[in-house]
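Q: Dropping in run12.txt, which is compact mmCIF, C-alpha atoms and all ligand atoms:
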```txt
# COMPACT_ATOMS: atom_id res chain seq x y z
CA MET V 178 134.98 22.80 4.92
CA SER V 179 138.55 23.72 4.11
CA THR V 180 140.36 22.05 1.25
CA PRO V 181 142.01 18.79 2.32
CA VAL V 182 145.80 18.89 2.46
CA LEU V 183 145.97 15.49 0.83
CA GLU V 184 143.31 13.59 -1.07
CA VAL V 185 143.91 10.29 -2.77
CA GLU V 186 141.19 8.54 -4.75
CA GLN V 187 141.34 4.93 -5.86
CA LEU V 188 145.11 5.14 -5.73
CA THR V 189 146.66 1.97 -7.13
CA LYS V 190 150.29 0.97 -7.52
CA ARG V 191 151.06 -2.30 -9.24
CA TYR V 192 154.44 -3.93 -9.51
CA PRO V 193 154.80 -6.78 -12.01
CA LYS V 194 154.28 -9.39 -9.31
CA LEU V 195 152.17 -7.60 -6.75
CA THR V 196 149.72 -4.81 -6.05
CA ALA V 197 151.34 -2.57 -3.45
CA LEU V 198 148.38 -0.16 -3.26
CA ASP V 199 144.92 -1.35 -4.12
CA ALA V 200 142.38 1.45 -4.76
CA VAL V 201 143.22 3.45 -1.65
CA SER V 202 141.03 6.49 -0.95
CA LEU V 203 141.86 8.85 1.84
CA SER V 204 141.42 12.50 2.70
CA ILE V 205 143.47 14.40 5.27
CA PRO V 206 142.35 17.81 6.54
CA PRO V 207 144.77 20.60 7.47
CA GLY V 208 146.43 20.40 10.88
CA GLU V 209 145.78 16.73 11.43
CA ILE V 210 148.26 14.17 12.70
CA PHE V 211 147.41 11.02 10.82
CA ALA V 212 149.02 7.69 11.66
CA LEU V 213 149.18 5.08 8.93
CA LEU V 214 149.65 1.69 10.53
CA GLY V 215 150.19 -1.78 9.15
CA PRO V 216 152.67 -4.66 8.99
CA ASN V 217 155.84 -4.63 6.89
CA GLY V 218 155.05 -4.64 3.22
CA ALA V 219 151.54 -3.25 3.73
CA GLY V 220 152.12 -0.36 1.32
CA LYS V 221 152.81 2.55 3.70
CA THR V 222 156.06 3.70 2.10
CA THR V 223 154.59 3.18 -1.37
CA LEU V 224 151.69 5.48 -0.55
CA ILE V 225 154.11 8.17 0.62
CA ALA V 226 156.35 7.63 -2.43
CA THR V 227 153.52 8.13 -4.91
CA VAL V 228 152.55 11.38 -3.20
CA CYS V 229 156.14 12.64 -2.98
CA GLY V 230 156.93 11.60 -6.53
CA THR V 231 159.58 8.97 -5.87
CA ALA V 232 157.27 6.24 -7.22
CA LYS V 233 154.83 6.47 -10.12
CA LYS V 234 151.22 5.53 -9.45
CA THR V 235 149.55 3.02 -11.77
CA SER V 236 146.13 4.67 -11.55
CA GLY V 237 143.98 6.87 -9.36
CA ARG V 238 144.14 10.50 -8.41
CA ILE V 239 146.30 12.44 -5.96
CA ARG V 240 145.50 16.00 -4.92
CA LEU V 241 147.85 18.03 -2.76
CA PHE V 242 146.39 21.24 -1.29
CA GLY V 243 143.55 20.84 -3.79
CA LYS V 244 145.86 20.57 -6.80
CA ASP V 245 145.84 17.47 -8.97
CA LEU V 246 149.39 16.13 -9.33
CA ASP V 247 148.61 14.97 -12.89
CA VAL V 248 148.02 18.62 -13.77
CA ASP V 249 150.86 20.15 -11.72
CA PRO V 250 153.32 17.58 -10.44
CA LEU V 251 155.82 20.10 -9.09
CA THR V 252 154.51 23.22 -7.28
CA PRO V 253 152.36 21.45 -4.66
CA ARG V 254 155.26 19.17 -3.78
CA TYR V 255 157.34 22.21 -2.72
CA ASP V 256 155.15 22.37 0.38
CA VAL V 257 155.75 18.75 1.36
CA GLY V 258 158.50 17.44 3.63
CA LEU V 259 159.58 13.83 3.85
CA VAL V 260 161.55 12.01 6.50
CA PRO V 261 162.41 8.85 4.59
CA GLN V 262 162.73 5.43 6.10
CA GLU V 263 166.31 5.10 4.84
CA ILE V 264 169.17 7.51 5.52
CA ASN V 265 170.12 9.15 2.22
CA PHE V 266 172.24 12.27 2.14
CA ASP V 267 175.35 13.62 0.62
CA PRO V 268 178.20 13.01 3.05
CA PHE V 269 180.38 15.84 1.74
CA PHE V 270 178.52 18.81 3.23
CA SER V 271 178.28 20.19 6.71
CA VAL V 272 174.96 19.96 8.53
CA ARG V 273 174.22 23.66 7.90
CA GLU V 274 175.21 23.45 4.23
CA SER V 275 172.98 20.50 3.60
CA LEU V 276 170.05 22.36 5.16
CA ARG V 277 170.74 25.42 2.96
CA ILE V 278 170.80 23.18 -0.10
CA GLN V 279 167.51 21.71 0.98
CA GLN V 280 165.92 25.18 1.25
CA GLY V 281 167.12 25.98 -2.27
CA TYR V 282 165.94 22.66 -3.60
CA TYR V 283 162.44 23.43 -2.36
CA GLY V 284 162.48 26.87 -3.94
CA ARG V 285 162.97 28.81 -0.68
CA THR V 286 165.32 31.75 -0.17
CA ARG V 287 168.13 31.22 2.30
CA ASP V 288 166.83 31.43 5.88
CA ASP V 289 169.50 30.83 8.51
CA ALA V 290 167.16 31.72 11.36
CA ARG V 291 164.93 28.84 10.30
CA ILE V 292 167.93 26.53 10.09
CA ASP V 293 168.92 27.45 13.65
CA GLU V 294 165.37 26.95 14.87
CA VAL V 295 165.15 23.46 13.39
CA LEU V 296 168.66 22.51 14.56
CA SER V 297 167.86 23.64 18.04
CA ALA V 298 164.54 21.76 18.18
CA LEU V 299 166.39 18.61 17.18
CA ASN V 300 169.36 19.17 19.49
CA LEU V 301 171.74 19.46 16.55
CA LEU V 302 172.90 23.05 16.99
CA SER V 303 176.32 22.00 18.30
CA LYS V 304 176.81 19.93 15.13
CA ALA V 305 175.88 22.70 12.68
CA ASP V 306 179.37 22.86 11.19
CA ALA V 307 180.19 19.16 11.41
CA GLN V 308 180.49 17.16 8.19
CA THR V 309 177.43 14.97 7.83
CA ARG V 310 179.59 11.88 7.28
CA ALA V 311 181.08 12.39 10.76
CA LEU V 312 177.70 12.24 12.50
CA SER V 313 176.64 9.28 14.62
CA GLY V 314 173.65 7.21 13.47
CA GLY V 315 171.29 9.03 15.83
CA MET V 316 172.59 12.44 14.71
CA LYS V 317 172.13 11.46 11.06
CA ARG V 318 168.55 10.63 11.79
CA ARG V 319 168.10 14.01 13.49
CA LEU V 320 169.51 15.69 10.37
CA LEU V 321 167.09 13.76 8.16
CA ILE V 322 164.24 15.15 10.20
CA ALA V 323 165.73 18.66 10.11
CA LYS V 324 166.00 18.40 6.31
CA ALA V 325 162.37 17.41 5.99
CA LEU V 326 161.26 20.46 7.97
CA VAL V 327 163.66 23.26 7.13
CA HIS V 328 161.58 24.59 4.22
CA ARG V 329 158.49 24.94 6.47
CA PRO V 330 156.40 22.35 4.64
CA LYS V 331 152.64 22.42 5.16
CA LEU V 332 152.53 18.63 5.03
CA VAL V 333 155.21 16.38 6.52
CA PHE V 334 155.56 12.64 6.03
CA LEU V 335 157.39 10.84 8.78
CA ASP V 336 158.08 7.32 7.52
CA GLU V 337 159.10 5.30 10.55
CA PRO V 338 161.13 8.19 11.88
CA THR V 339 161.97 6.47 15.14
CA ALA V 340 162.80 2.97 13.92
CA GLY V 341 165.97 2.00 15.73
CA VAL V 342 166.58 5.39 17.38
CA ASP V 343 167.20 6.04 21.06
CA VAL V 344 164.49 7.02 23.51
CA GLU V 345 165.81 10.57 23.73
CA LEU V 346 165.43 11.27 20.02
CA ARG V 347 161.99 9.71 20.10
CA ARG V 348 160.97 12.11 22.88
CA ASP V 349 162.48 15.12 21.06
CA LEU V 350 160.66 14.18 17.89
CA TRP V 351 157.34 13.70 19.66
CA ALA V 352 157.73 17.12 21.26
CA TYR V 353 158.54 18.64 17.89
CA VAL V 354 155.57 16.98 16.21
CA ARG V 355 153.36 18.60 18.85
CA THR V 356 154.96 21.98 18.12
CA LEU V 357 154.29 21.43 14.41
CA ARG V 358 150.68 20.71 15.22
CA THR V 359 150.29 23.99 17.10
CA GLN V 360 151.75 25.72 14.02
CA GLY V 361 149.09 24.09 11.85
CA THR V 362 151.40 21.67 10.02
CA THR V 363 149.77 18.46 8.85
CA VAL V 364 151.68 15.29 9.70
CA VAL V 365 151.36 11.81 8.25
CA LEU V 366 153.23 9.28 10.35
CA THR V 367 153.98 5.63 9.79
CA THR V 368 155.42 3.75 12.69
CA HIS V 369 156.13 0.39 14.21
CA TYR V 370 155.83 1.87 17.68
CA LEU V 371 152.14 1.78 18.32
CA GLU V 372 152.78 3.79 21.44
CA GLU V 373 153.89 6.61 19.18
CA ALA V 374 150.65 6.62 17.22
CA GLU V 375 148.68 6.32 20.44
CA GLU V 376 150.52 9.34 21.81
CA LEU V 377 150.39 11.61 18.76
CA ALA V 378 147.69 10.71 16.28
CA ASP V 379 144.33 12.41 15.82
CA ARG V 380 143.25 9.80 13.29
CA VAL V 381 144.47 6.34 12.45
CA GLY V 382 144.41 4.38 9.22
CA ILE V 383 145.13 0.64 9.07
CA ILE V 384 146.54 -0.77 5.84
CA ASP V 385 147.29 -4.38 4.98
CA ARG V 386 148.46 -5.82 1.64
CA GLY V 387 147.70 -2.57 -0.18
CA LYS V 388 144.16 -2.19 1.12
CA LEU V 389 143.12 0.52 3.53
CA LEU V 390 140.99 -1.42 6.01
CA LEU V 391 139.91 1.30 8.36
CA VAL V 392 140.23 5.04 8.96
CA GLU V 393 138.94 6.34 12.24
CA ASN V 394 139.41 8.99 14.88
CA LYS V 395 141.88 7.51 17.36
CA SER V 396 139.84 8.12 20.51
CA THR V 397 136.68 6.73 18.91
CA LEU V 398 138.61 3.69 17.73
CA MET V 399 140.14 3.13 21.16
CA LYS V 400 136.68 3.31 22.73
CA ARG V 401 135.10 1.10 20.11
CA LEU V 402 137.67 -1.67 19.94
CA GLY V 403 139.88 -1.04 22.98
CA GLU V 404 139.84 -3.33 25.99
CA ARG V 405 140.79 -2.28 29.50
CA HIS V 406 141.79 -5.03 31.87
CA LEU V 407 140.84 -4.83 35.54
CA GLU V 408 142.61 -7.13 38.01
CA VAL V 409 141.80 -7.20 41.69
CA ARG V 410 143.87 -9.26 44.09
CA PHE V 411 142.43 -10.36 47.45
CA SER V 412 144.27 -11.01 50.69
CA SER V 413 142.12 -14.10 51.40
CA PRO V 414 140.02 -16.28 49.06
CA VAL V 415 136.66 -14.96 47.93
CA PRO V 416 134.02 -17.71 47.46
CA GLU V 417 131.99 -16.02 44.72
CA ILE V 418 131.63 -12.83 42.75
CA PRO V 419 129.11 -10.48 44.41
CA ALA V 420 126.01 -9.77 42.30
CA GLY V 421 126.98 -6.18 41.44
CA ALA V 422 130.24 -7.34 39.87
CA LEU V 423 128.79 -10.28 37.97
CA HIS V 424 129.04 -9.34 34.32
CA GLY V 425 130.01 -11.04 31.07
CA GLN V 426 133.74 -11.59 31.24
CA ALA V 427 134.16 -11.16 35.00
CA GLN V 428 135.83 -14.18 36.56
CA LEU V 429 137.47 -15.41 39.73
CA SER V 430 140.65 -17.44 39.50
CA GLU V 431 143.62 -18.68 41.57
CA GLY V 432 141.27 -20.23 44.11
CA GLY V 433 139.29 -17.03 44.66
CA MET V 434 142.38 -14.83 45.11
CA LEU V 435 142.12 -12.97 41.79
CA PHE V 436 139.22 -11.17 40.10
CA ARG V 437 139.50 -10.27 36.42
CA TYR V 438 137.32 -8.21 34.14
CA ILE V 439 137.77 -6.98 30.58
CA GLU V 440 135.96 -3.73 29.93
CA ARG V 441 134.61 -3.24 26.41
CA TYR V 442 132.63 -0.35 24.98
CA ASP V 443 129.36 -2.29 25.12
CA GLY V 444 129.73 -3.48 28.74
CA PRO V 445 129.72 -1.77 32.13
CA PRO V 446 132.81 0.26 33.09
CA ALA V 447 135.47 -1.42 35.22
CA ALA V 448 134.88 1.23 37.88
CA THR V 449 131.29 0.00 38.41
CA LEU V 450 132.47 -3.53 39.10
CA LEU V 451 135.25 -2.30 41.33
CA ALA V 452 132.76 -0.24 43.35
CA ALA V 453 130.63 -3.39 43.77
CA LEU V 454 133.65 -5.33 45.10
CA TYR V 455 134.30 -2.56 47.63
CA SER V 456 130.64 -2.40 48.72
CA ALA V 457 130.65 -6.14 49.29
CA GLN V 458 133.58 -5.49 51.68
CA LEU V 459 135.80 -8.06 50.04
CA PRO V 460 139.41 -8.23 51.30
CA ILE V 461 140.97 -6.19 48.46
CA ALA V 462 144.77 -6.17 48.58
CA ASP V 463 145.67 -4.68 45.21
CA VAL V 464 144.02 -3.19 42.12
CA ALA V 465 145.50 -2.87 38.64
CA ILE V 466 143.94 -1.49 35.48
CA LYS V 467 145.72 -1.98 32.19
CA PRO V 468 144.64 0.66 29.67
CA ALA V 469 143.46 -0.18 26.16
CA ARG V 470 146.29 -0.34 23.64
CA LEU V 471 146.27 0.59 20.01
CA GLU V 472 148.57 -2.36 19.40
CA ASP V 473 145.89 -4.86 20.45
CA ILE V 474 143.36 -3.09 18.25
CA LEU V 475 145.70 -3.22 15.27
CA LEU V 476 146.33 -6.93 15.81
CA HIS V 477 142.61 -7.52 16.11
CA VAL V 478 141.82 -5.68 12.86
CA LEU V 479 144.66 -7.39 10.99
CA HIS V 480 143.64 -10.76 12.35
CA ASN V 481 140.08 -10.22 11.11
CA ASN V 482 141.60 -9.39 7.72
CA GLY V 483 143.12 -12.86 7.66
CA LEU V 484 146.67 -11.99 8.68
CA THR V 485 148.21 -15.24 9.81
CA ALA V 486 150.45 -15.85 12.79
CA GLU V 487 153.59 -15.71 10.64
CA GLY V 488 152.54 -12.27 9.41
CA LEU V 489 152.33 -10.87 12.91
CA PRO V 490 156.06 -10.71 13.74
CA ALA V 491 156.25 -8.30 10.80
CA LEU V 492 154.93 -5.71 13.21
CA GLY V 493 158.47 -5.54 14.51
CA GLY V 494 158.75 -3.53 17.71
CA ALA V 495 155.04 -3.61 18.29
CA ALA V 496 155.16 -6.45 20.75
CA ALA V 497 157.87 -4.85 22.87
CA ARG V 498 155.69 -3.10 25.44
N1 LIG V 501 160.46 -1.22 -6.39
C1 LIG V 501 159.68 -2.25 -6.04
N2 LIG V 501 159.51 -3.31 -6.87
C2 LIG V 501 158.70 -4.33 -6.52
N3 LIG V 501 158.02 -4.41 -5.36
C3 LIG V 501 158.16 -3.39 -4.48
C4 LIG V 501 159.00 -2.26 -4.78
N4 LIG V 501 158.92 -1.39 -3.73
C5 LIG V 501 158.08 -1.98 -2.82
N5 LIG V 501 157.63 -3.17 -3.27
C6 LIG V 501 156.70 -4.06 -2.59
O1 LIG V 501 155.50 -3.38 -2.32
C7 LIG V 501 154.94 -3.79 -1.09
C8 LIG V 501 154.72 -2.59 -0.20
O2 LIG V 501 155.99 -2.11 0.23
P1 LIG V 501 156.13 -0.85 1.18
O3 LIG V 501 155.24 0.22 0.68
O4 LIG V 501 157.58 -0.55 1.30
O5 LIG V 501 155.55 -1.42 2.55
P2 LIG V 501 155.63 -0.80 4.03
O6 LIG V 501 156.24 0.55 3.93
O7 LIG V 501 154.20 -0.78 4.49
O8 LIG V 501 156.45 -1.76 4.82
C9 LIG V 501 155.89 -4.80 -0.51
O9 LIG V 501 155.42 -6.08 -0.80
C10 LIG V 501 157.19 -4.50 -1.22
O10 LIG V 501 157.99 -5.65 -1.31
MG MG V 502 157.91 1.30 4.83
```
Go ahead and express the file in the form of structure tokens.
Ligand SMILES: Nc1ncnc2c1ncn2[C@@H]1O[C@H](COP(=O)(O)OP(=O)(O)O)[C@@H](O)[C@H]1O
Ligand SMILES: [Mg+2]
A:
Amino acid sequence: MSTPVLEVEQLTKRYPKLTALDAVSLSIPPGEIFALLGPNGAGKTTLIATVCGTAKKTSGRIRLFGKDLDVDPLTPRYDVGLVPQEINFDPFFSVRESLRIQQGYYGRTRDDARIDEVLSALNLLSKADAQTRALSGGMKRRLLIAKALVHRPKLVFLDEPTAGVDVELRRDLWAYVRTLRTQGTTVVLTTHYLEEAEELADRVGIIDRGKLLLVENKSTLMKRLGERHLEVRFSSPVPEIPAGALHGQAQLSEGGMLFRYIERYDGPPAATLLAALYSAQLPIADVAIKPARLEDILLHVLHNNGLTAEGLPALGGAAAR
């Protein structure tokens, strides 16, 4: 097996009044898109900060590209890019200048072709010579992403890169993350938009109050804990569910006008029940299937971890879909 891009072992970060990371262990192989999910205050940014060196770990081990950061805190970090949660750049440079500075800062020689490539991928080329302080909020966010990528990092952290940005930037960023994947770049993403993780992630980790609760392949997780909802509407009342569609959570409501079924991994597929309704020649007027959502799975896992109702709004945009 190839060396993991990032390995943390028993990583702990304590503040005087709280433990932000509690013995987190995690290993991320090259080329993976890993989504770290959890409510506000879970420890996502802290995890990223300890790896990037903007916060000091209390204990535990961090290896980047196989190198222990306690032994060499600097060289491995040259191959890491970070899109921080907060906008933080010097307003007195042009977009192009600030990207050149970034290349130098990460020990790279000047590479204007790379700057153009990144600017173009992020739709910023027309702003290359604009002063960064003159950029709109959305453009500033695009520049933050450009800065994190301009030195061709092998590992990129995207810490809520699309919080509060427009749909267009979100789409551009998703497209660019896919390009990065084809180039073999490893991406660690934290996000409030569960749709984003659903769309992009290979693997998902769920963190709550400093503890990593679960790490699992996204598709496996969606199959294991995801629920698809089948709803069939009839044009006239149906007296009872036909035998072939009579399973666990199947139910008739609205006076026999609506049939509902929740498909789980351990029950029959919705399609089997639907086929039974058709064979029974019921007066089907409309069929809807709602796909499983990562958001529901996250809420389920957090709920089982004792997250109370007042903790749930901390998921921010998660409920928006
Ligand atoms: N400098 C700090 N001093 C004290 N507590 C902090 C500091 N930075 C973060 N925290 C706390 O650590 C916890 C984890 O924060 P953070 O990693 O930012 O969460 P997330 O990114 O998942 O929303 C929170 O309770 C936060 O208030
Ligand atoms: Mg954060």
Q: Which value, in Å to one decimal, gives the distance between CA of Ile205 in chain V and CA of Ala374 in chain V?
A: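 We find that CA of Ile205 in chain V and CA of Ala374 in chain V lie 16.0 Å from each other.
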Q: I'd like to know which of V:Asp379, V:Glu373, V:Asp343, V:Asp306 is closest to Glu393 in chain V, using only C-alpha atoms.
A: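 Once distances to Glu393 in chain V are computed over only C-alpha atoms, the minimum belongs to V:Asp379.
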Q: Counting all atoms listed in the file, what is within 10 Å of range 395-399 of chain V, bar same-chain residues fewer than 5 positions away, as a PDB file with C-alpha atoms, keeping the file's coordinate frame?
A:
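Generated file (out-v1.pdb):
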```pdb
ATOM      1  CA  PHE V 211     147.410  11.020  10.820  1.00  0.00           C
ATOM      2  CA  ALA V 212     149.020   7.690  11.660  1.00  0.00           C
ATOM      3  CA  ALA V 374     150.650   6.620  17.220  1.00  0.00           C
ATOM      4  CA  GLU V 375     148.680   6.320  20.440  1.00  0.00           C
ATOM      5  CA  GLU V 376     150.520   9.340  21.810  1.00  0.00           C
ATOM      6  CA  LEU V 377     150.390  11.610  18.760  1.00  0.00           C
ATOM      7  CA  ALA V 378     147.690  10.710  16.280  1.00  0.00           C
ATOM      8  CA  ASP V 379     144.330  12.410  15.820  1.00  0.00           C
ATOM      9  CA  ARG V 380     143.250   9.800  13.290  1.00  0.00           C
ATOM     10  CA  VAL V 381     144.470   6.340  12.450  1.00  0.00           C
ATOM     11  CA  GLY V 382     144.410   4.380   9.220  1.00  0.00           C
ATOM     12  CA  GLU V 404     139.840  -3.330  25.990  1.00  0.00           C
ATOM     13  CA  ARG V 405     140.790  -2.280  29.500  1.00  0.00           C
ATOM     14  CA  ARG V 441     134.610  -3.240  26.410  1.00  0.00           C
ATOM     15  CA  TYR V 442     132.630  -0.350  24.980  1.00  0.00           C
ATOM     16  CA  PRO V 468     144.640   0.660  29.670  1.00  0.00           C
ATOM     17  CA  ALA V 469     143.460  -0.180  26.160  1.00  0.00           C
ATOM     18  CA  ARG V 470     146.290  -0.340  23.640  1.00  0.00           C
ATOM     19  CA  LEU V 471     146.270   0.590  20.010  1.00  0.00           C
ATOM     20  CA  ASP V 473     145.890  -4.860  20.450  1.00  0.00           C
ATOM     21  CA  ILE V 474     143.360  -3.090  18.250  1.00  0.00           C
TER      22      ILE V 474
END
```
Q: Residues up to 9 Å from ligand MG 502 (chain V), counting only C-alpha atoms and all ligand atoms: could you list those as a list in words?
A: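 With only C-alpha atoms and all ligand atoms and a cut-off of 9 Å, ligand MG 502 (chain V) is contacted by Pro216, Asn217, Gly218, Ala219, Gly220, Lys221, Thr222, Thr223, Ile225, Pro261, Gln262, Asp336, Glu337, Thr367 and Thr368 of chain V.
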Q: For Pro446 in chain V, find every residue with an atom within 12 Å (counting only C-alpha atoms), except residues of its own chain fewer than 4 positions away, and show them as a ChimeraX atom specification.
A: /V:400,404-407,422,424-425,427,438-442,450-453,466
Q: Which centre and edge lengths in Å to one decimal define the box along x, y and z that fits every listed atom of range 264-268 of chain V plus 5 Å per side, as lines of an AutoDock Vina configuration file?
A:
```
center_x = 173.7
center_y = 10.6
center_z = 3.1
size_x = 19.0
size_y = 16.1
size_z = 14.9
```
Q: Would you mind telling me which residue in V:Asp443, V:Glu372, V:Asp247, V:Asp256 lies nearest to Gln426 in chain V when using all atoms listed in the file?
A: V:Asp443
Q: Taking all atoms listed in the file into account, report as a PyMOL selection string which residues have an atom no farther than 12 Å from an atom of ligand LIG 501 (chain V).
A: chain V and resi 189-199+213-227+231-234+261-263+335-337+366-369+383-389+491-493
Q: Please, what distance in Å, to one decimal, runs between CA of Ala290 in chain V and CA of Gly361 in chain V?
A: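 A separation of 19.6 Å between them.
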Q: Which is closest to Asp289 in chain V among V:Val327, V:Gln308, V:Leu454, V:Ile322, if we use all atoms listed in the file?
A: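 The answer is V:Val327, which sits nearest to Asp289 in chain V.
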